[in-house]
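Undergrad: Pasting coords-v7.cif below, which is mmCIF, C-alpha atoms.
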data_run
#
loop_
_atom_site.label_atom_id
_atom_site.label_comp_id
_atom_site.auth_asym_id
_atom_site.auth_seq_id
_atom_site.Cartn_x
_atom_site.Cartn_y
_atom_site.Cartn_z
CA MET A 268 57.32 13.42 13.95
CA ARG A 269 53.88 14.80 14.61
CA MET A 270 54.55 17.89 12.52
CA LYS A 271 54.71 15.85 9.32
CA ARG A 272 51.13 14.68 9.52
CA HIS A 273 48.76 16.52 7.24
CA LEU A 274 45.52 17.95 8.47
CA ASN A 275 42.57 15.58 8.40
CA PRO A 276 39.10 16.28 6.92
CA PRO A 277 37.54 17.56 10.17
CA ASP A 278 40.46 19.99 10.56
CA PHE A 279 39.75 21.47 7.13
CA VAL A 280 36.10 21.89 8.01
CA ASP A 281 37.14 23.61 11.24
CA LEU A 282 39.32 25.98 9.24
CA LEU A 283 36.46 26.70 6.85
CA GLU A 284 34.22 27.41 9.82
CA GLY A 285 36.81 29.74 11.30
CA VAL A 286 37.68 27.49 14.22
CA THR A 287 41.22 27.83 15.56
CA LEU A 288 43.17 24.60 15.39
CA ASP A 289 45.68 23.20 17.87
CA PRO A 290 49.01 25.09 17.71
CA TRP A 291 50.87 22.18 16.12
CA LYS A 292 48.23 21.86 13.42
CA THR A 293 48.29 25.57 12.79
CA SER A 294 52.06 25.60 12.48
CA HIS A 295 51.90 22.60 10.13
CA PHE A 296 49.27 24.31 8.01
CA GLU A 297 51.34 27.47 7.73
CA ARG A 298 54.22 25.48 6.27
CA CYS A 299 52.42 22.80 4.28
CA ARG A 300 51.64 23.72 0.69
CA ARG A 301 49.49 20.64 0.15
CA CYS A 302 47.18 21.44 3.06
CA GLN A 303 46.96 25.07 1.95
CA GLU A 304 45.99 23.98 -1.56
CA THR A 305 43.34 21.63 -0.22
CA LEU A 306 41.79 24.41 1.79
CA ALA A 307 42.03 26.87 -1.10
CA ALA A 308 40.23 24.39 -3.34
CA LEU A 309 37.40 23.83 -0.89
CA ALA A 310 36.91 27.38 0.38
CA PRO A 311 35.05 28.80 -2.65
CA CYS A 312 32.81 25.76 -2.75
CA PHE A 313 32.06 26.09 0.95
CA GLN A 314 31.19 29.74 0.43
CA GLU A 315 28.93 28.91 -2.50
CA VAL A 316 27.11 26.31 -0.47
CA ASP A 317 26.83 28.62 2.51
CA GLU A 318 25.41 31.45 0.42
CA GLY A 319 23.44 29.15 -1.82
CA THR A 320 21.65 27.28 0.95
CA SER A 321 21.02 30.33 3.05
CA GLN A 322 19.87 32.63 0.26
CA THR A 323 18.21 30.41 -2.30
CA ASP A 324 14.62 31.38 -2.48
CA LEU A 325 12.37 28.45 -1.94
CA PRO A 326 9.37 28.20 -4.21
CA PRO A 327 6.99 31.03 -3.37
CA ALA A 328 4.22 29.62 -1.28
CA PRO A 329 1.74 30.99 1.19
CA ASP A 330 2.52 30.20 4.81
CA PRO A 331 0.77 26.94 5.60
CA ASP A 332 -2.35 27.03 7.71
CA TRP A 333 -0.80 25.59 10.83
CA SER A 334 -3.98 25.12 12.82
CA GLU A 335 -5.47 23.19 9.94
CA PHE A 336 -2.26 21.20 9.70
CA ARG A 337 -2.39 20.36 13.42
CA SER A 338 -5.95 19.18 13.15
CA ARG A 339 -4.95 17.01 10.18
CA VAL A 340 -2.21 15.38 12.24
CA ARG A 341 -4.57 14.99 15.19
CA ASP A 342 -7.24 13.38 13.01
CA ALA A 343 -4.72 11.05 11.44
CA LEU A 344 -3.43 9.99 14.84
CA LEU A 345 -6.95 9.48 16.10
CA ALA A 346 -7.95 7.44 13.05
CA ARG A 347 -4.90 5.22 13.43
CA SER A 348 -5.50 4.75 17.11
CA VAL A 349 -9.17 3.88 16.54
CA ARG A 350 -8.19 1.42 13.83
CA ARG A 351 -5.69 -0.17 16.16
CA SER A 352 -8.05 -0.40 19.09
CA SER A 353 -10.80 -1.85 16.90
CA TRP A 354 -8.45 -4.64 15.88
CA LEU A 355 -7.49 -5.23 19.45
CA GLY A 356 -11.18 -5.14 20.37
CA ARG A 357 -11.80 -8.12 18.15
CA TRP A 358 -9.35 -10.11 20.19
CA ARG A 359 -10.72 -9.11 23.54
CA VAL A 360 -12.08 -12.15 25.35
CA PRO A 361 -14.57 -11.98 28.20
CA VAL A 362 -12.10 -12.37 31.00
CA GLY A 363 -14.60 -11.63 33.73
CA LEU A 364 -12.96 -10.81 36.98
CA THR A 365 -9.45 -11.63 35.85
CA PRO A 366 -7.29 -8.48 35.88
CA PRO A 367 -6.58 -7.46 32.27
CA PRO A 368 -2.75 -7.63 32.40
CA ALA A 369 -2.84 -11.09 33.87
CA ALA A 370 -5.45 -12.17 31.37
CA TRP A 371 -3.33 -10.92 28.51
CA GLY A 372 -0.28 -12.58 30.00
CA VAL A 373 -2.02 -15.93 29.81
CA ALA A 374 -4.06 -15.42 26.67
CA VAL A 375 -1.38 -14.06 24.38
CA PRO A 376 1.17 -16.89 24.69
CA ALA A 377 -1.67 -19.40 24.49
CA LEU A 378 -2.97 -17.72 21.36
CA ILE A 379 0.48 -17.65 19.81
CA VAL A 380 0.96 -21.36 20.40
CA LEU A 381 -2.53 -22.12 19.14
CA VAL A 382 -2.14 -20.09 15.97
CA THR A 383 1.29 -21.53 15.31
CA LEU A 384 0.08 -25.08 15.76
CA THR A 385 -2.90 -24.44 13.56
CA LEU A 386 -0.91 -22.88 10.78
CA GLY A 387 1.79 -25.50 11.14
CA SER A 388 -0.67 -28.36 10.91
CA LEU A 389 -2.35 -26.82 7.87
CA TRP A 390 0.99 -26.28 6.21
CA LEU A 391 2.12 -29.79 7.00
CA ALA A 392 -1.14 -31.25 5.81
CA ARG A 393 -0.70 -29.40 2.53
CA SER A 394 2.97 -30.22 2.09
CA GLY A 395 2.29 -33.81 3.10
CA ARG A 396 0.05 -34.11 0.05
CA THR A 397 2.74 -32.85 -2.30
CA THR A 398 5.81 -34.62 -0.96
CA GLY A 399 7.36 -37.51 -2.81
CA PRO A 400 7.37 -41.18 -1.91
CA ASP A 401 8.57 -42.16 1.57
CA ASP A 402 9.67 -45.55 2.86
CA ARG A 403 7.66 -45.15 5.99
CA SER A 404 3.91 -45.21 5.99
CA PRO A 405 2.46 -41.79 5.03
CA ASP A 406 0.69 -41.38 8.34
CA LEU A 407 3.81 -42.08 10.38
CA ALA A 408 6.00 -39.79 8.27
CA THR A 409 3.49 -36.93 8.49
CA ALA A 410 3.07 -37.39 12.20
CA GLU A 411 6.85 -37.24 12.76
CA LEU A 412 7.24 -34.26 10.51
CA PHE A 413 4.37 -32.58 12.26
CA GLN A 414 5.91 -33.15 15.66
CA GLU A 415 9.35 -31.83 14.62
CA ASP A 416 8.09 -28.80 12.76
CA ALA A 417 5.42 -27.97 15.23
CA ALA A 418 8.01 -28.02 18.00
CA ALA A 419 10.27 -25.74 15.97
CA LEU A 420 7.42 -23.39 15.16
CA GLU A 421 6.32 -23.37 18.77
CA THR A 422 9.84 -22.43 19.90
CA GLU A 423 9.94 -19.70 17.31
CA ALA A 424 6.56 -18.41 18.37
CA LEU A 425 7.54 -18.32 22.02
CA ALA A 426 10.63 -16.33 21.07
CA TRP A 427 8.34 -13.61 19.79
CA SER A 428 7.63 -10.83 22.18
CA GLU A 429 4.07 -9.75 22.82
CA GLY A 430 4.91 -6.49 21.08
CA ASP A 431 5.93 -8.31 17.91
CA PHE A 432 2.77 -10.30 18.03
CA PHE A 433 0.57 -7.23 18.30
CA ILE A 434 2.48 -5.52 15.52
CA ALA A 435 1.87 -8.55 13.33
CA LEU A 436 -1.81 -8.55 14.27
CA ASN A 437 -2.10 -4.86 13.51
CA GLU A 438 -0.62 -5.37 10.10
CA LEU A 439 -3.19 -7.96 9.08
CA ASP A 440 -5.77 -6.63 6.69
CA GLU A 441 -9.43 -7.37 7.22
CA SER A 442 -9.54 -10.51 5.10
CA GLU A 443 -6.41 -11.90 6.74
CA ALA A 444 -7.82 -11.22 10.18
CA ASP A 445 -11.11 -12.89 9.29
CA ARG A 446 -9.24 -15.89 7.90
CA LEU A 447 -7.23 -16.16 11.09
CA LEU A 448 -10.34 -16.01 13.24
CA GLU A 449 -11.90 -18.65 11.03
CA LEU A 450 -8.87 -20.91 11.40
CA ILE A 451 -8.86 -20.54 15.16
CA SER A 452 -12.55 -21.29 15.47
CA LEU A 453 -12.13 -24.29 13.14
CA THR A 454 -9.35 -25.59 15.33
CA LEU A 455 -11.31 -25.04 18.51
CA ASP A 456 -14.34 -26.78 16.97
CA GLY A 457 -12.14 -29.65 15.82
CA GLU A 458 -10.59 -30.12 19.22
CA GLY A 459 -13.99 -29.95 20.88
CA GLY A 460 -15.52 -32.42 18.42
CA VAL A 461 -12.86 -35.12 18.61
CA MET B 59 7.45 49.46 25.88
CA GLU B 60 6.07 46.65 27.91
CA HIS B 61 5.10 44.87 24.74
CA SER B 62 8.63 45.08 23.28
CA ALA B 63 10.09 43.88 26.55
CA THR B 64 7.78 40.89 26.48
CA THR B 65 8.72 40.19 22.88
CA ALA B 66 12.40 40.39 23.68
CA MET B 67 11.93 38.08 26.61
CA SER B 68 10.02 35.54 24.58
CA LEU B 69 12.71 35.63 21.90
CA THR B 70 15.35 35.01 24.52
CA THR B 71 13.38 32.16 25.98
CA THR B 72 12.97 30.54 22.56
CA GLY B 73 16.69 30.28 22.16
CA SER B 74 17.51 29.50 25.75
CA ARG B 75 18.60 26.30 27.43
CA SER B 76 15.19 25.81 29.06
CA GLU B 77 13.84 24.72 25.68
CA PRO B 78 14.55 20.98 26.14
CA ASP B 79 13.00 21.07 29.62
CA GLU B 80 9.88 22.69 28.24
CA ASP B 81 9.70 20.04 25.53
CA ARG B 82 10.17 17.28 28.06
CA LYS B 83 7.33 18.67 30.18
CA LEU B 84 5.08 18.88 27.13
CA VAL B 85 5.91 15.31 26.17
CA GLN B 86 5.06 14.11 29.66
CA ARG B 87 1.83 16.06 29.67
CA TYR B 88 0.88 14.61 26.30
CA LEU B 89 1.62 11.09 27.52
CA ASP B 90 -0.56 11.83 30.53
CA GLY B 91 -3.41 12.61 28.16
CA ASP B 92 -3.24 16.39 28.01
CA MET B 93 -4.15 17.26 24.42
CA ALA B 94 -3.11 20.89 24.87
CA ALA B 95 0.45 19.61 25.06
CA PHE B 96 0.01 18.23 21.56
CA ASP B 97 -0.57 21.74 20.23
CA GLY B 98 2.34 22.98 22.32
CA LEU B 99 4.79 20.52 20.83
CA MET B 100 3.49 21.03 17.33
CA THR B 101 3.67 24.81 17.57
CA ARG B 102 7.23 24.69 18.81
CA HIS B 103 8.57 22.45 16.07
CA GLU B 104 6.25 22.35 13.06
CA ARG B 105 7.90 25.25 11.22
CA GLN B 106 11.43 23.92 11.55
CA VAL B 107 10.43 20.42 10.52
CA TYR B 108 8.47 21.81 7.59
CA GLY B 109 11.44 24.00 6.63
CA LEU B 110 13.73 20.98 6.64
CA CYS B 111 11.30 18.88 4.58
CA LEU B 112 10.88 21.75 2.14
CA ARG B 113 14.64 21.88 1.61
CA PHE B 114 14.48 18.26 0.53
CA VAL B 115 11.41 18.18 -1.67
CA LYS B 116 11.20 21.85 -2.76
CA HIS B 117 7.45 21.60 -3.08
CA PRO B 118 5.20 23.00 -0.34
CA ASP B 119 2.49 20.35 -0.62
CA ASP B 120 4.98 17.49 -0.60
CA ALA B 121 6.78 19.12 2.31
CA MET B 122 3.51 19.36 4.24
CA ASP B 123 2.81 15.69 3.62
CA LEU B 124 6.30 14.76 4.79
CA THR B 125 5.92 16.97 7.87
CA GLN B 126 2.62 15.32 8.68
CA ASP B 127 4.20 11.86 8.39
CA VAL B 128 7.04 12.98 10.65
CA PHE B 129 4.71 14.20 13.39
CA ILE B 130 2.47 11.15 13.17
CA LYS B 131 5.51 8.94 13.52
CA ALA B 132 6.79 11.05 16.39
CA PHE B 133 3.55 11.08 18.37
CA GLU B 134 2.97 7.38 17.82
CA ASN B 135 6.42 6.64 19.19
CA LEU B 136 6.50 9.31 21.83
CA ARG B 137 6.85 6.73 24.58
CA SER B 138 10.19 5.75 23.13
CA PHE B 139 11.44 9.32 23.55
CA ARG B 140 13.74 8.91 26.51
CA GLY B 141 14.64 12.54 26.88
CA ASP B 142 18.40 12.03 26.99
CA ALA B 143 18.60 13.98 23.74
CA GLY B 144 16.38 17.00 23.23
CA PHE B 145 12.98 16.62 21.63
CA ARG B 146 14.17 18.79 18.75
CA THR B 147 17.08 16.43 18.12
CA TRP B 148 14.73 13.49 18.31
CA ILE B 149 12.16 14.87 15.90
CA TYR B 150 14.87 16.10 13.54
CA ARG B 151 16.24 12.57 13.50
CA ILE B 152 12.84 11.26 12.46
CA ALA B 153 12.50 14.05 9.89
CA VAL B 154 15.95 13.56 8.38
CA ASN B 155 15.52 9.81 8.12
CA HIS B 156 12.08 10.26 6.60
CA CYS B 157 13.38 12.82 4.09
CA ILE B 158 16.37 10.65 3.19
CA ASN B 159 14.06 7.68 2.60
CA HIS B 160 11.75 9.86 0.54
CA VAL B 161 14.61 11.09 -1.62
CA ARG B 162 15.94 7.56 -2.05
CA LYS B 163 12.52 6.30 -3.02
CA ASN B 164 11.51 9.11 -5.32
CA GLY B 165 14.85 10.16 -6.71
CA ARG B 166 15.73 13.65 -7.69
CA ARG B 167 13.09 15.95 -9.03
CA PHE B 168 14.25 18.14 -11.88
CA VAL B 169 12.89 21.62 -12.23
CA GLU B 170 13.35 23.14 -15.62
CA VAL B 171 14.56 26.71 -15.41
CA GLN B 172 14.65 28.97 -18.41
CA ASP B 173 17.82 30.66 -19.55
CA SER B 174 17.86 34.07 -17.96
CA THR B 175 20.83 35.72 -19.68
CA LEU B 176 18.88 38.16 -21.79
CA THR B 177 19.37 41.86 -22.37
CA VAL B 178 19.22 43.35 -18.91
CA GLU B 179 21.03 46.04 -17.00
CA PRO B 180 24.57 45.06 -15.87
CA ALA B 181 23.73 45.18 -12.16
CA ALA B 182 20.55 43.24 -12.65
CA HIS B 183 22.40 40.87 -14.94
CA ARG B 184 25.04 40.26 -12.27
CA ARG B 185 22.33 39.58 -9.74
CA LEU B 186 20.66 37.18 -12.12
CA LEU B 187 23.94 35.37 -12.63
CA GLU B 188 24.47 35.10 -8.88
CA ASP B 189 20.94 33.80 -8.45
CA GLU B 190 21.55 31.36 -11.24
CA ARG B 191 24.78 30.17 -9.67
CA ARG B 192 23.07 29.69 -6.33
CA ARG B 193 20.34 27.72 -8.03
CA ILE B 194 22.92 25.54 -9.75
CA VAL B 195 24.71 24.92 -6.45
CA GLY B 196 21.36 24.03 -4.92
CA ASP B 197 20.72 21.59 -7.75
CA LEU B 198 24.17 20.08 -7.39
CA ILE B 199 23.61 19.61 -3.66
CA GLU B 200 20.53 17.57 -4.58
CA ASP B 201 22.82 15.24 -6.51
CA LEU B 202 24.88 14.44 -3.43
CA PRO B 203 24.21 11.22 -1.53
CA PRO B 204 21.14 11.85 0.68
CA LYS B 205 23.04 11.72 3.96
CA GLN B 206 25.70 14.20 2.85
CA ARG B 207 22.96 16.41 1.54
CA ALA B 208 21.12 16.19 4.85
CA ILE B 209 24.24 17.18 6.73
CA LEU B 210 24.82 20.22 4.53
CA GLU B 211 21.20 21.27 4.87
CA LEU B 212 21.24 20.90 8.63
CA ARG B 213 24.47 22.82 8.94
CA MET B 214 24.05 25.54 6.35
CA HIS B 215 20.34 26.13 6.30
CA GLN B 216 19.09 25.00 9.67
CA ASN B 217 22.20 26.42 11.32
CA LEU B 218 22.60 23.45 13.60
CA SER B 219 25.94 22.87 15.28
CA TYR B 220 28.06 19.88 14.32
CA GLU B 221 27.33 18.40 17.75
CA GLU B 222 23.59 18.65 17.18
CA ILE B 223 23.89 17.10 13.72
CA ALA B 224 26.01 14.31 15.18
CA ASN B 225 23.27 13.65 17.75
CA ILE B 226 20.54 13.69 15.15
CA LEU B 227 22.34 11.29 12.84
CA ASP B 228 23.82 9.26 15.66
CA ARG B 229 27.39 9.70 14.42
CA SER B 230 30.50 11.29 15.87
CA VAL B 231 31.25 14.94 15.28
CA SER B 232 34.37 14.11 13.31
CA THR B 233 32.38 11.77 11.05
CA ILE B 234 29.95 14.60 10.35
CA LYS B 235 32.79 17.00 9.61
CA SER B 236 34.45 14.45 7.37
CA SER B 237 31.15 14.07 5.49
CA VAL B 238 31.06 17.82 4.94
CA PHE B 239 34.65 17.71 3.69
CA PHE B 240 33.90 14.93 1.21
CA ALA B 241 30.62 16.53 0.14
CA LEU B 242 32.47 19.76 -0.63
CA GLY B 243 35.05 17.79 -2.59
CA LYS B 244 32.30 16.17 -4.62
CA LEU B 245 30.56 19.47 -5.23
CA ARG B 246 33.81 21.03 -6.37
CA LYS B 247 34.30 18.21 -8.83
CA MET B 248 30.75 18.55 -10.13
CA ILE B 249 31.17 22.31 -10.59
CA GLU B 250 34.42 21.76 -12.50
CA GLU B 251 32.78 19.15 -14.71
CA ARG B 252 29.94 21.53 -15.36
CA LYS B 253 32.36 24.29 -16.33
CA ALA B 254 34.35 21.91 -18.53
CA SER B 255 31.19 20.87 -20.37
CA GLY B 256 30.55 24.52 -21.25
CA ALA B 257 27.41 24.81 -19.14
CA SER B 258 26.84 28.09 -17.38
CA PHE B 259 28.09 28.62 -13.86
#
Please, can you express the file's structure as structure tokens?

TA:
Amino acid sequence: MRMKRHLNPPDFVDLLEGVTLDPWKTSHFERCRRCQETLAALAPCFQEVDEGTSQTDLPPAPDPDWSEFRSRVRDALLARSVRRSSWLGRWRVPVGLTPPPAAWGVAVPALIVLVTLTLGSLWLARSGRTTGPDDRSPDLATAELFQEDAAALETEALAWSEGDFFIALNELDESEADRLLELISLTLDGEGGV
Amino acid sequence: MEHSATTAMSLTTTGSRSEPDEDRKLVQRYLDGDMAAFDGLMTRHERQVYGLCLRFVKHPDDAMDLTQDVFIKAFENLRSFRGDAGFRTWIYRIAVNHCINHVRKNGRRFVEVQDSTLTVEPAAHRRLLEDERRRIVGDLIEDLPPKQRAILELRMHQNLSYEEIANILDRSVSTIKSSVFFALGKLRKMIEERKASGASF
């Protein structure tokens, strides 16, 4: 039964590479014209590729200056790390004697919730202006919508890991970051003033 | 005498099994803030990564840019290197993925080559024809799907084993071998089409 099965693609590659197959596969191959033809069709191509890829001259080029290359990579890494830390520096709050990990543990979720609520309220305020007529009074409808969506947004925000949050922060450009800071301070001012 | 012995020893060490351990130590040292380890890792792998990138883009400057991107990506994510695969496998994985993305984004770059079948000596003519055929095969390989092309490059040019390629691409060995089989089938078809159209081969 087993003898009737033809060789499979990896077997042909093994044969091309000169690997010895299992005895039953070898004995099948010796008697199977179809498998022999498949190998015969692929063998010249394999040889061409082997010779072609190993002997093709790449464009003539001087050997790169590796020390210069390394310093380029080092500079690029440094620049990226400085850029990242400068963004993080903007978010550093004077935590006083609180140990930094603990401070971050408290501050980051609080910030996420705050930002989400702020953005959510702004979005709702905007969409509230453009929505169509509602049976309920506008204030009541907006308040309900706000509560539902804010809760959903808050859940979504809490599902974010701190890593995701920092990645998102890092990806903000300068104007976006400034706008976010502005929004937060506006919210804080608003809460303080009311 | 002593010098040649040292050279022989260093050559043996380069290809020995201690290579992954050495890489792992360098990675740890780099993560601990030792900048000398940065140079160590770069020196050990920059040429191979550059060679691989050059096979994909065929242009030294582009290959350097790709190599730089690969190392930046690698060093920025070095903490995610768990060490269960070798560093070489890990950085090759980044390089192959980066090259595949680059090829997908930028497509195939055509290089116009002039017809070289002029009046030349028979031996030289034969060599020219062989060179030409190799160039055509190289061009046809560029027309393969990027992943199949990557596998052929890794196997044929970088001389990596099928196991190593499977690790780099996170596939089974038999999948990699099947890809080679199908890539060869496609190449064969392309060569036949080329011959049928009357183009030189």

Undergrad: Counting only C-alpha atoms, which residues in chain A sit no more than 12 Å from chain B? For each one, give the nearest pair of atoms and the distance in Å, sorted by chain then residue number, as CSV.

TA:
residue,atom,partner,partner_atom,distance
A:Leu274,CA,B:Ser236,CA,11.7
A:Asn275,CA,B:Ser236,CA,8.3
A:Pro276,CA,B:Ser236,CA,5.0
A:Pro277,CA,B:Lys235,CA,4.8
A:Asp278,CA,B:Lys235,CA,8.3
A:Phe279,CA,B:Phe239,CA,7.2
A:Val280,CA,B:Lys235,CA,6.1
A:Asp281,CA,B:Lys235,CA,8.1
A:Leu282,CA,B:Phe239,CA,11.0
A:Leu283,CA,B:Phe239,CA,9.7
A:Glu284,CA,B:Lys235,CA,10.5
A:Thr305,CA,B:Gly243,CA,9.4
A:Leu306,CA,B:Phe239,CA,10.0
A:Ala307,CA,B:Arg246,CA,11.4
A:Ala308,CA,B:Arg246,CA,7.9
A:Leu309,CA,B:Leu242,CA,6.4
A:Ala310,CA,B:Leu242,CA,8.9
A:Pro311,CA,B:Arg246,CA,8.7
A:Cys312,CA,B:Arg246,CA,6.0
A:Phe313,CA,B:Leu242,CA,6.5
A:Gln314,CA,B:Leu242,CA,10.1
A:Glu315,CA,B:Val195,CA,7.0
A:Val316,CA,B:Val195,CA,6.6
A:Asp317,CA,B:Met214,CA,5.7
A:Glu318,CA,B:Arg192,CA,7.4
A:Gly319,CA,B:Arg192,CA,4.6
A:Thr320,CA,B:His215,CA,5.6
A:Ser321,CA,B:His215,CA,5.4
A:Gln322,CA,B:Arg192,CA,7.9
A:Thr323,CA,B:Arg192,CA,6.4
A:Asp324,CA,B:Arg193,CA,8.8
A:Leu325,CA,B:Lys116,CA,6.8
A:Pro326,CA,B:Lys116,CA,6.8
A:Pro327,CA,B:Pro118,CA,8.8
A:Ala328,CA,B:Pro118,CA,6.8
A:Pro329,CA,B:Pro118,CA,8.8
A:Asp330,CA,B:Pro118,CA,9.2
A:Pro331,CA,B:Met122,CA,8.2
A:Asp332,CA,B:Met122,CA,10.3
A:Trp333,CA,B:Glu104,CA,8.1
A:Ser334,CA,B:Asp97,CA,8.8
A:Glu335,CA,B:Met122,CA,11.3
A:Phe336,CA,B:Gln126,CA,7.7
A:Arg337,CA,B:Met100,CA,7.1
A:Ser338,CA,B:Asp97,CA,9.3
A:Arg339,CA,B:Gln126,CA,7.9
A:Val340,CA,B:Gln126,CA,6.0
A:Arg341,CA,B:Ile130,CA,8.3
A:Asp342,CA,B:Ile130,CA,10.0
A:Ala343,CA,B:Ile130,CA,7.4
A:Leu344,CA,B:Ile130,CA,6.2
A:Leu345,CA,B:Ile130,CA,10.0
A:Ala346,CA,B:Ile130,CA,11.1
A:Arg347,CA,B:Glu134,CA,9.3
A:Ser348,CA,B:Glu134,CA,8.9
A:Arg351,CA,B:Glu134,CA,11.6

Undergrad: How would the residues just picked look written out with C-alpha atoms as an mmCIF file, in the frame of the given file?

TA:
data_model
loop_
_atom_site.group_PDB
_atom_site.id
_atom_site.type_symbol
_atom_site.label_atom_id
_atom_site.label_comp_id
_atom_site.auth_asym_id
_atom_site.auth_seq_id
_atom_site.Cartn_x
_atom_site.Cartn_y
_atom_site.Cartn_z
ATOM 1 C CA LEU A 274 45.520 17.950 8.470
ATOM 2 C CA ASN A 275 42.570 15.580 8.400
ATOM 3 C CA PRO A 276 39.100 16.280 6.920
ATOM 4 C CA PRO A 277 37.540 17.560 10.170
ATOM 5 C CA ASP A 278 40.460 19.990 10.560
ATOM 6 C CA PHE A 279 39.750 21.470 7.130
ATOM 7 C CA VAL A 280 36.100 21.890 8.010
ATOM 8 C CA ASP A 281 37.140 23.610 11.240
ATOM 9 C CA LEU A 282 39.320 25.980 9.240
ATOM 10 C CA LEU A 283 36.460 26.700 6.850
ATOM 11 C CA GLU A 284 34.220 27.410 9.820
ATOM 12 C CA THR A 305 43.340 21.630 -0.220
ATOM 13 C CA LEU A 306 41.790 24.410 1.790
ATOM 14 C CA ALA A 307 42.030 26.870 -1.100
ATOM 15 C CA ALA A 308 40.230 24.390 -3.340
ATOM 16 C CA LEU A 309 37.400 23.830 -0.890
ATOM 17 C CA ALA A 310 36.910 27.380 0.380
ATOM 18 C CA PRO A 311 35.050 28.800 -2.650
ATOM 19 C CA CYS A 312 32.810 25.760 -2.750
ATOM 20 C CA PHE A 313 32.060 26.090 0.950
ATOM 21 C CA GLN A 314 31.190 29.740 0.430
ATOM 22 C CA GLU A 315 28.930 28.910 -2.500
ATOM 23 C CA VAL A 316 27.110 26.310 -0.470
ATOM 24 C CA ASP A 317 26.830 28.620 2.510
ATOM 25 C CA GLU A 318 25.410 31.450 0.420
ATOM 26 C CA GLY A 319 23.440 29.150 -1.820
ATOM 27 C CA THR A 320 21.650 27.280 0.950
ATOM 28 C CA SER A 321 21.020 30.330 3.050
ATOM 29 C CA GLN A 322 19.870 32.630 0.260
ATOM 30 C CA THR A 323 18.210 30.410 -2.300
ATOM 31 C CA ASP A 324 14.620 31.380 -2.480
ATOM 32 C CA LEU A 325 12.370 28.450 -1.940
ATOM 33 C CA PRO A 326 9.370 28.200 -4.210
ATOM 34 C CA PRO A 327 6.990 31.030 -3.370
ATOM 35 C CA ALA A 328 4.220 29.620 -1.280
ATOM 36 C CA PRO A 329 1.740 30.990 1.190
ATOM 37 C CA ASP A 330 2.520 30.200 4.810
ATOM 38 C CA PRO A 331 0.770 26.940 5.600
ATOM 39 C CA ASP A 332 -2.350 27.030 7.710
ATOM 40 C CA TRP A 333 -0.800 25.590 10.830
ATOM 41 C CA SER A 334 -3.980 25.120 12.820
ATOM 42 C CA GLU A 335 -5.470 23.190 9.940
ATOM 43 C CA PHE A 336 -2.260 21.200 9.700
ATOM 44 C CA ARG A 337 -2.390 20.360 13.420
ATOM 45 C CA SER A 338 -5.950 19.180 13.150
ATOM 46 C CA ARG A 339 -4.950 17.010 10.180
ATOM 47 C CA VAL A 340 -2.210 15.380 12.240
ATOM 48 C CA ARG A 341 -4.570 14.990 15.190
ATOM 49 C CA ASP A 342 -7.240 13.380 13.010
ATOM 50 C CA ALA A 343 -4.720 11.050 11.440
ATOM 51 C CA LEU A 344 -3.430 9.990 14.840
ATOM 52 C CA LEU A 345 -6.950 9.480 16.100
ATOM 53 C CA ALA A 346 -7.950 7.440 13.050
ATOM 54 C CA ARG A 347 -4.900 5.220 13.430
ATOM 55 C CA SER A 348 -5.500 4.750 17.110
ATOM 56 C CA ARG A 351 -5.690 -0.170 16.160
#

Undergrad: Report, in Å with one decimal, the straight-line distance from CA of Ala153 (chain B) to CA of Gln106 (chain B).

TA: 10.1 Å

Undergrad: What is the distance, in Å and to one decimal place, between CA of Lys205 (chain B) and CA of Cys302 (chain A)?

TA: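 Atom-to-atom, CA of Lys205 (chain B) to CA of Cys302 (chain A), that is 26.0 Å.
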
Undergrad: CA of Val85 (chain B) and CA of Phe139 (chain B), how far apart in Å?

TA: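 Calculated distance between CA of Phe139 (chain B) and CA of Val85 (chain B) is 8.6 Å.
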
Undergrad: Around (22.1, 12.8, -1.2) in the file's own coordinates, what residues are found within 10 Å if you use only C-alpha atoms, given back as an MDAnalysis selection string?

TA: chainID B and resid 114 158 161:162 165:166 198:210 241

Undergrad: Applied to this file, what does the PyMOL selection byres ((chain B and resi 223) around 9) return in terms of residues, put as a list in words?

TA: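 This file gives the following for the PyMOL selection byres ((chain B and resi 223) around 9): Thr147, Arg151, Ile209, Leu212, Arg213, Leu218, Ser219, Tyr220, Glu221, Glu222, Ala224, Asn225, Ile226, Leu227, Asp228, Arg229, Val231 and Ile234 of chain B.
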